[in-house]
$ cat entry_37.txt   # compact mmCIF, C-alpha atoms and all ligand atoms
# COMPACT_ATOMS: atom_id res chain seq x y z
CA THR H 1 92.32 71.73 75.30
CA PHE H 2 89.96 74.41 76.55
CA SER H 3 88.29 77.14 74.58
CA VAL H 4 87.69 80.75 75.50
CA PRO H 5 84.17 81.06 76.95
CA PRO H 6 81.65 82.10 74.30
CA ARG H 7 80.34 85.63 74.40
CA ARG H 8 76.94 84.53 75.74
CA ASP H 9 78.60 83.27 78.94
CA LEU H 10 79.98 86.73 79.51
CA VAL H 11 76.62 88.34 78.86
CA ALA H 12 75.10 85.93 81.33
CA THR H 13 77.77 86.86 83.85
CA GLU H 14 77.20 90.55 83.31
CA SER H 15 73.53 90.18 84.03
CA TYR H 16 74.51 88.03 87.00
CA ASN H 17 76.66 90.91 88.19
CA ILE H 18 73.70 93.26 87.96
CA MET H 19 71.62 90.76 89.90
CA ARG H 20 74.41 90.65 92.41
CA GLU H 21 74.23 94.42 92.82
CA VAL H 22 70.51 94.12 93.45
CA GLY H 23 71.14 91.20 95.77
CA ALA H 24 74.04 92.92 97.52
CA LYS H 25 71.83 93.39 100.53
CA MET H 26 71.34 89.66 100.67
CA LYS H 27 72.75 87.95 103.69
CA TRP H 28 74.50 84.99 102.09
CA LYS H 29 76.55 83.60 99.27
CA GLN H 30 77.36 80.03 98.37
CA ILE H 31 80.99 79.00 97.89
CA GLY H 32 81.23 75.34 96.86
CA ASP H 33 79.10 73.53 99.43
CA ILE H 34 79.41 76.22 102.09
CA ILE H 35 77.00 79.05 102.86
CA VAL H 36 78.80 82.22 103.92
CA LEU H 37 76.69 84.76 105.78
CA ASN H 38 77.63 88.39 106.21
CA ARG H 39 75.28 89.03 109.09
CA ASN H 40 73.38 87.14 111.76
CA VAL H 41 70.30 85.22 110.73
CA GLU H 42 67.71 83.31 112.70
CA ASN H 43 67.93 79.57 112.34
CA PRO H 44 71.06 79.12 110.14
CA GLU H 45 70.29 75.35 110.02
CA LYS H 46 67.68 76.15 107.36
CA TYR H 47 70.44 76.48 104.75
CA LEU H 48 71.25 72.78 105.11
CA LYS H 49 67.99 72.11 103.23
CA MET H 50 69.66 73.54 100.12
CA LYS H 51 71.10 70.87 97.84
CA GLY H 52 74.69 69.95 98.70
CA VAL H 53 75.18 72.41 101.55
CA LYS H 54 77.31 71.00 104.39
CA THR H 55 78.49 74.01 106.42
CA VAL H 56 77.21 77.47 107.33
CA VAL H 57 79.66 80.16 108.46
CA LYS H 58 79.44 83.84 109.24
CA ILE H 59 82.16 86.33 108.30
CA GLU H 60 83.05 88.39 111.36
CA ARG H 61 85.68 90.64 109.73
CA ILE H 62 88.43 90.74 107.10
CA LYS H 63 91.84 91.46 108.49
CA GLY H 64 95.08 93.02 107.36
CA ARG H 65 97.36 93.16 104.40
CA ILE H 66 96.66 89.62 103.30
CA ARG H 67 92.87 90.15 103.60
CA ARG H 68 92.32 87.22 105.91
CA PRO H 69 88.68 86.60 106.83
CA GLU H 70 87.67 85.70 110.37
CA VAL H 71 84.70 83.39 110.35
CA LYS H 72 82.46 81.75 112.92
CA VAL H 73 81.24 78.26 112.04
CA LEU H 74 77.49 78.17 112.76
CA VAL H 75 76.46 74.78 111.35
CA GLY H 76 78.65 71.80 110.39
CA ALA H 77 82.44 71.77 110.76
CA ASP H 78 84.37 71.47 107.50
CA THR H 79 85.32 74.86 106.04
CA GLU H 80 87.31 73.52 103.08
CA THR H 81 85.45 73.33 99.79
CA THR H 82 85.87 73.30 96.01
CA HIS H 83 84.09 76.09 94.18
CA LYS H 84 83.41 75.87 90.46
CA GLU H 85 83.37 78.98 88.30
CA ASN H 86 83.72 79.40 84.54
CA LYS H 87 84.82 75.77 84.11
CA CYS H 88 87.62 76.22 86.69
CA LEU H 89 87.88 74.54 90.08
CA PHE H 90 89.03 76.53 93.11
CA LYS H 91 89.74 74.65 96.32
CA LEU H 92 89.91 76.89 99.37
CA ASP H 93 89.23 77.10 103.07
CA VAL H 94 86.62 79.80 103.68
CA ALA H 95 87.96 80.17 107.23
CA THR H 96 91.29 81.51 105.97
CA ILE H 97 90.88 82.55 102.33
CA MET H 98 88.78 85.22 100.62
CA TRP H 99 86.44 84.47 97.74
CA SER H 100 84.91 87.52 96.16
CA LYS H 101 81.82 86.88 94.03
CA GLY H 102 82.00 90.48 92.86
CA ASN H 103 85.19 89.69 90.92
CA THR H 104 83.56 86.97 88.81
CA TYR H 105 83.27 89.05 85.65
CA GLU H 106 86.88 90.21 85.96
CA ARG H 107 88.05 86.60 86.37
CA MET H 108 86.26 85.82 83.09
CA ARG H 109 87.32 88.98 81.25
CA ILE H 110 91.07 88.67 81.70
CA PRO H 111 91.64 85.27 79.98
CA ARG H 112 89.94 86.64 76.83
CA LEU H 113 92.58 89.36 76.53
CA ILE H 114 95.58 87.03 76.56
CA GLU H 115 97.37 86.40 73.29
CA ASP H 116 99.05 83.08 72.61
CA GLY H 117 102.54 82.77 74.03
CA GLU H 118 102.39 85.65 76.51
CA THR H 119 104.48 85.64 79.66
CA ILE H 120 102.35 86.87 82.54
CA VAL H 121 103.19 87.89 86.09
CA ASP H 122 100.32 87.66 88.58
CA MET H 123 101.66 89.73 91.50
CA PHE H 124 98.88 88.84 93.96
CA ALA H 125 97.94 85.36 92.87
CA GLY H 126 96.01 84.16 95.93
CA ILE H 127 94.64 80.68 95.25
CA GLY H 128 94.89 81.32 91.51
CA TYR H 129 91.92 83.67 91.06
CA PHE H 130 93.31 84.92 87.74
CA SER H 131 96.20 82.52 87.05
CA ILE H 132 93.94 79.45 86.92
CA PRO H 133 91.33 80.83 84.45
CA ILE H 134 94.15 82.22 82.30
CA ALA H 135 95.88 78.83 82.18
CA VAL H 136 92.58 77.02 81.55
CA HIS H 137 91.04 79.32 78.94
CA ALA H 138 94.01 80.98 77.23
CA ASN H 139 97.35 79.83 75.90
CA PRO H 140 100.13 81.72 77.70
CA LYS H 141 103.76 80.66 77.58
CA LYS H 142 103.97 80.89 81.37
CA VAL H 143 102.13 82.52 84.26
CA TYR H 144 104.37 83.43 87.22
CA ALA H 145 101.96 83.37 90.16
CA ILE H 146 103.40 85.18 93.20
CA GLU H 147 101.70 84.78 96.57
CA ILE H 148 102.93 85.82 100.01
CA ASN H 149 100.48 83.90 102.21
CA PRO H 150 101.54 80.23 102.67
CA LYS H 151 97.91 79.12 103.11
CA ALA H 152 96.81 80.70 99.84
CA TYR H 153 99.99 79.39 98.18
CA HIS H 154 99.09 75.87 99.32
CA TYR H 155 95.69 76.12 97.57
CA LEU H 156 97.26 77.73 94.50
CA LYS H 157 99.32 74.58 94.05
CA GLU H 158 96.30 72.35 94.77
CA ASN H 159 94.27 74.25 92.18
CA MET H 160 97.00 73.88 89.57
CA LYS H 161 96.71 70.12 90.02
CA LEU H 162 92.89 70.10 90.11
CA ASN H 163 92.74 72.04 86.84
CA LYS H 164 95.69 70.17 85.30
CA VAL H 165 97.67 73.31 84.47
CA GLN H 166 100.94 72.57 86.29
CA ASP H 167 102.88 73.13 83.09
CA LYS H 168 101.39 76.60 82.52
CA ILE H 169 101.82 78.16 85.97
CA ARG H 170 104.97 78.63 88.00
CA PRO H 171 103.94 79.30 91.63
CA ILE H 172 106.28 81.44 93.72
CA LEU H 173 105.91 81.92 97.48
CA GLY H 174 107.10 85.39 98.40
CA ASP H 175 106.71 89.16 98.22
CA SER H 176 105.89 90.37 94.73
CA ARG H 177 107.65 93.66 95.42
CA ILE H 178 110.91 91.72 95.60
CA ILE H 179 110.19 89.00 93.06
CA ALA H 180 108.39 90.84 90.22
CA PRO H 181 111.36 93.12 89.33
CA LYS H 182 113.46 89.99 88.71
CA LEU H 183 110.98 88.75 86.10
CA SER H 184 110.08 90.06 82.66
CA ALA H 185 106.49 89.95 81.40
CA ASP H 186 104.20 90.90 78.54
CA ARG H 187 101.41 91.43 81.06
CA VAL H 188 101.31 92.13 84.78
CA LEU H 189 98.23 91.60 86.96
CA MET H 190 97.86 93.67 90.11
CA GLY H 191 94.67 92.18 91.58
CA TYR H 192 94.95 93.61 95.05
CA VAL H 193 93.35 96.64 96.63
CA VAL H 194 95.31 97.70 99.70
CA ASN H 195 97.86 100.33 98.69
CA THR H 196 98.35 98.71 95.31
CA HIS H 197 100.17 101.85 94.14
CA HIS H 198 103.06 100.96 96.45
CA TYR H 199 103.71 98.03 94.10
CA LEU H 200 103.66 100.00 90.85
CA ASP H 201 107.45 100.45 90.68
CA ALA H 202 107.98 96.70 91.00
CA ALA H 203 105.29 95.99 88.37
CA LEU H 204 106.81 98.45 85.91
CA LYS H 205 110.31 97.04 86.33
CA CYS H 206 108.87 93.68 85.36
CA LEU H 207 106.75 94.87 82.43
CA LYS H 208 108.37 94.73 78.97
CA GLU H 209 108.19 97.65 76.55
CA GLY H 210 104.68 97.66 75.07
CA GLY H 211 103.43 95.37 77.84
CA ILE H 212 100.02 95.56 79.48
CA LEU H 213 99.29 96.36 83.11
CA HIS H 214 96.03 95.57 84.93
CA TYR H 215 96.08 97.92 87.88
CA HIS H 216 93.47 97.63 90.64
CA GLU H 217 92.65 100.28 93.20
CA THR H 218 89.89 101.33 95.56
CA ALA H 219 88.94 104.96 95.05
CA PRO H 220 86.18 107.39 96.01
CA GLU H 221 83.47 108.02 93.40
CA LYS H 222 84.73 111.42 92.24
CA ILE H 223 88.27 110.27 91.47
CA LYS H 224 87.56 106.61 90.81
CA PHE H 225 89.39 106.57 87.47
CA LYS H 226 91.33 109.84 87.70
CA ARG H 227 93.48 108.85 90.67
CA PRO H 228 94.49 105.35 89.50
CA ILE H 229 95.31 106.67 86.00
CA LYS H 230 97.37 109.49 87.51
CA ARG H 231 99.25 107.05 89.69
CA VAL H 232 100.03 104.69 86.81
CA LYS H 233 101.25 107.58 84.63
CA LYS H 234 103.39 109.02 87.43
CA ALA H 235 105.01 105.68 88.22
CA ALA H 236 105.63 104.90 84.55
CA LYS H 237 107.37 108.19 83.69
CA PRO H 238 109.08 108.68 81.24
CA ARG H 239 107.45 105.69 79.57
CA GLU H 240 104.38 106.43 77.52
CA VAL H 241 101.06 105.17 78.90
CA LYS H 242 98.01 104.37 76.81
CA ILE H 243 94.83 103.66 78.74
CA LEU H 244 93.08 100.74 77.04
CA ASN H 245 90.18 100.29 79.42
CA LYS H 246 88.85 101.35 82.79
CA ARG H 247 86.07 99.61 84.63
CA ILE H 248 84.35 99.34 87.95
CA ILE H 249 84.70 95.86 89.41
CA LYS H 250 82.45 96.31 92.41
CA LYS H 251 81.44 98.53 95.26
CA TYR H 252 84.09 98.35 97.99
CA SER H 253 82.44 100.39 100.74
CA PRO H 254 79.93 103.28 100.75
CA GLY H 255 81.06 105.77 98.10
CA VAL H 256 84.22 103.79 97.29
CA TRP H 257 84.69 101.64 94.18
CA HIS H 258 87.08 98.82 93.38
CA VAL H 259 88.24 99.67 89.85
CA VAL H 260 90.69 98.29 87.32
CA ILE H 261 92.71 100.17 84.70
CA ASP H 262 94.17 98.36 81.69
CA ALA H 263 97.19 100.28 80.42
CA LYS H 264 99.73 99.69 77.68
CA ILE H 265 103.15 100.91 78.78
CA ASP H 266 105.68 101.64 76.04
N1 LIG H 301 91.47 89.39 92.87
C1 LIG H 301 91.13 88.31 93.78
C2 LIG H 301 89.76 87.75 93.45
O1 LIG H 301 89.44 87.66 92.27
O2 LIG H 301 88.98 87.36 94.34
C3 LIG H 301 91.32 88.73 95.21
C4 LIG H 301 92.69 89.26 95.54
S1 LIG H 301 93.57 88.29 96.67
C5 LIG H 301 92.60 88.54 98.10
C6 LIG H 301 95.06 89.15 96.98
C7 LIG H 301 96.20 88.24 97.36
O3 LIG H 301 97.40 89.01 97.39
C8 LIG H 301 96.08 87.61 98.73
O4 LIG H 301 96.11 86.22 98.60
C9 LIG H 301 97.32 88.11 99.51
O5 LIG H 301 97.89 87.14 100.36
C10 LIG H 301 98.26 88.44 98.37
N2 LIG H 301 99.32 89.42 98.68
C11 LIG H 301 99.26 90.54 99.45
N3 LIG H 301 100.44 91.18 99.46
C12 LIG H 301 101.30 90.47 98.68
C13 LIG H 301 102.66 90.64 98.27
N4 LIG H 301 103.38 91.68 98.71
N5 LIG H 301 103.21 89.72 97.44
C14 LIG H 301 102.49 88.66 97.00
N6 LIG H 301 101.18 88.45 97.36
C15 LIG H 301 100.59 89.35 98.17
$ encode --input "entry_37.txt" --output "structure tokens"
Amino acid sequence: TFSVPPRRDLVATESYNIMREVGAKMKWKQIGDIIVLNRNVENPEKYLKMKGVKTVVKIERIKGRIRRPEVKVLVGADTETTHKENKCLFKLDVATIMWSKGNTYERMRIPRLIEDGETIVDMFAGIGYFSIPIAVHANPKKVYAIEINPKAYHYLKENMKLNKVQDKIRPILGDSRIIAPKLSADRVLMGYVVNTHHYLDAALKCLKEGGILHYHETAPEKIKFKRPIKRVKKAAKPREVKILNKRIIKKYSPGVWHVVIDAKID
């Protein structure tokens, strides 16, 4: 069995997040044994001197609804790797799948909120960004992990095996707008930032009375909490909404924040 990470891990991650803000101008991040650059550098071969680095790629752009990265391989060839975070293993192909370091704290925060025996619907499961740490560190009855992209779905299933949580997660390949309303959950995760509000109706149909919603959105500074809260309340009407928490996850673009709202919906 696994335990919830001790508080000091979270403190360490928070300070890591601050460092990340400072280092946001940095050109690279390491995912497993791959260096991912966000701009051109001279002599990318130099990264191979770092312990365990096998490939260096550069992100050209991130495309479309499924947030698919386009990368150029600069050094090496293999773009598949296994990244370790918070005692969880995430296998992915950096050429086709996103890995956001800025979401690290959120991926650690969520499992700590789960009460034993909860049924959870993860509407945008990806490779298991939230479903895996929940299954590893908490004790839910079941996590329904919905993912529309077959490539991400493939790694979601791989990661369930790698982390030995096949019994805790039920992966579903498909559109959460169609699938979520057919399910019933104590908690719904909406970890997606392109027009997430278009999925609120589906999320609310799925959420039991008194259930908890984690709603993500990207919003300009001035309305960063106001707009997502307004949207949740509007979609939930006439159900009563209690805002439990609101937090900035990371900077999305100049003047725009990726935020999350935790709301209890009666
Ligand atoms: N929160 C994640 C993290 O911690 O890094 C990142 C979010 S992930 C990029 C969002 C996922 O939602 C993608 O894998 C995308 O394919 C999936 N997705 C987009 N629209 C969907 C839909 N309608 N139904 C199910 N999955 C969807």
$ residues_near_ligand --input "entry_37.txt" --ligand "ligand LIG 301 (chain H)" --cutoff "8 Å" --atoms "all atoms listed in the file" --output "ChimeraX atom specification"
/H:65-68,97-104,106-107,123-127,129-130,146-149,152-153,173-177,191-193,199
$ residues_around --input "entry_37.txt" --residues "Lys182 of chain H" --least-positions-apart "5" --cutoff "9 Å" --atoms "all atoms listed in the file" --output "number ranges by chain"
H: 202, 205-206
$ closest_residue --input "entry_37.txt" --among "H:Ile59, H:Arg39, H:Pro133, H:Gly52" --to "Glu85 of chain H" --atoms "only C-alpha atoms"
H:Pro133
$ atom_distance --input "entry_37.txt" --atom1 "atom CA of Ile229 of chain H" --atom2 "atom CA of Gly128 of chain H"
25.9 Å
$ residues_around --input "entry_37.txt" --residues "Ile134 of chain H" --least-positions-apart "3" --cutoff "8 Å" --atoms "only C-alpha atoms" --output "VMD selection string"
chain H and resid 110 to 111 114 130 to 131 137 to 140
$ residues_near_point --input "entry_37.txt" --point "(77.8, 76.4, 106.9)" --cutoff "7 Å" --atoms "all atoms listed in the file" --output "PDB file with C-alpha atoms, in the frame of the given file"
ATOM      1  CA  ILE H  34      79.410  76.220 102.090  1.00  0.00           C
ATOM      2  CA  ILE H  35      77.000  79.050 102.860  1.00  0.00           C
ATOM      3  CA  VAL H  36      78.800  82.220 103.920  1.00  0.00           C
ATOM      4  CA  LYS H  54      77.310  71.000 104.390  1.00  0.00           C
ATOM      5  CA  THR H  55      78.490  74.010 106.420  1.00  0.00           C
ATOM      6  CA  VAL H  56      77.210  77.470 107.330  1.00  0.00           C
ATOM      7  CA  VAL H  57      79.660  80.160 108.460  1.00  0.00           C
ATOM      8  CA  VAL H  73      81.240  78.260 112.040  1.00  0.00           C
ATOM      9  CA  LEU H  74      77.490  78.170 112.760  1.00  0.00           C
ATOM     10  CA  VAL H  75      76.460  74.780 111.350  1.00  0.00           C
ATOM     11  CA  GLY H  76      78.650  71.800 110.390  1.00  0.00           C
TER      12      GLY H  76
END
$ residues_around --input "entry_37.txt" --residues "Val165 of chain H" --least-positions-apart "3" --cutoff "9 Å" --atoms "all atoms listed in the file" --output "PyMOL selection string"
chain H and resi 132+135-136+159-162+168-169
$ residues_around --input "entry_37.txt" --residues "segment 247-252 of chain H" --least-positions-apart "4" --cutoff "8 Å" --atoms "all atoms listed in the file" --output "MDAnalysis selection string"
chainID H and resid 102:103 105:106 218 256:261
$ write_last_selection --input "entry_37.txt" --atoms "C-alpha atoms" --output "tab-separated table (two decimals), in the frame of the given file"
chain	number	residue	atom	x	y	z
H	102	GLY	CA	82.00	90.48	92.86
H	103	ASN	CA	85.19	89.69	90.92
H	105	TYR	CA	83.27	89.05	85.65
H	106	GLU	CA	86.88	90.21	85.96
H	218	THR	CA	89.89	101.33	95.56
H	256	VAL	CA	84.22	103.79	97.29
H	257	TRP	CA	84.69	101.64	94.18
H	258	HIS	CA	87.08	98.82	93.38
H	259	VAL	CA	88.24	99.67	89.85
H	260	VAL	CA	90.69	98.29	87.32
H	261	ILE	CA	92.71	100.17	84.70
$ closest_residue --input "entry_37.txt" --among "H:Glu60, H:Asp186, H:Glu80, H:Glu240" --to "Glu115 of chain H" --atoms "only C-alpha atoms"
H:Asp186
$ closest_residue --input "entry_37.txt" --among "H:Val53, H:Ile172, H:Leu189, H:Ile265" --to "Lys237 of chain H" --atoms "all atoms listed in the file"
H:Ile265
$ residues_around --input "entry_37.txt" --residues "Gly210 of chain H" --least-positions-apart "4" --cutoff "10 Å" --atoms "only C-alpha atoms" --output "list of chain:residue names"
H:Asp186, H:Arg187, H:Arg239, H:Glu240, H:Val241, H:Lys242, H:Ala263, H:Lys264, H:Ile265, H:Asp266
$ atom_distance --input "entry_37.txt" --atom1 "atom CA of Cys88 of chain H" --atom2 "atom CA of Met108 of chain H"
10.3 Å
$ atom_distance --input "entry_37.txt" --atom1 "atom CA of Ala185 of chain H" --atom2 "atom CA of Ala203 of chain H"
9.3 Å
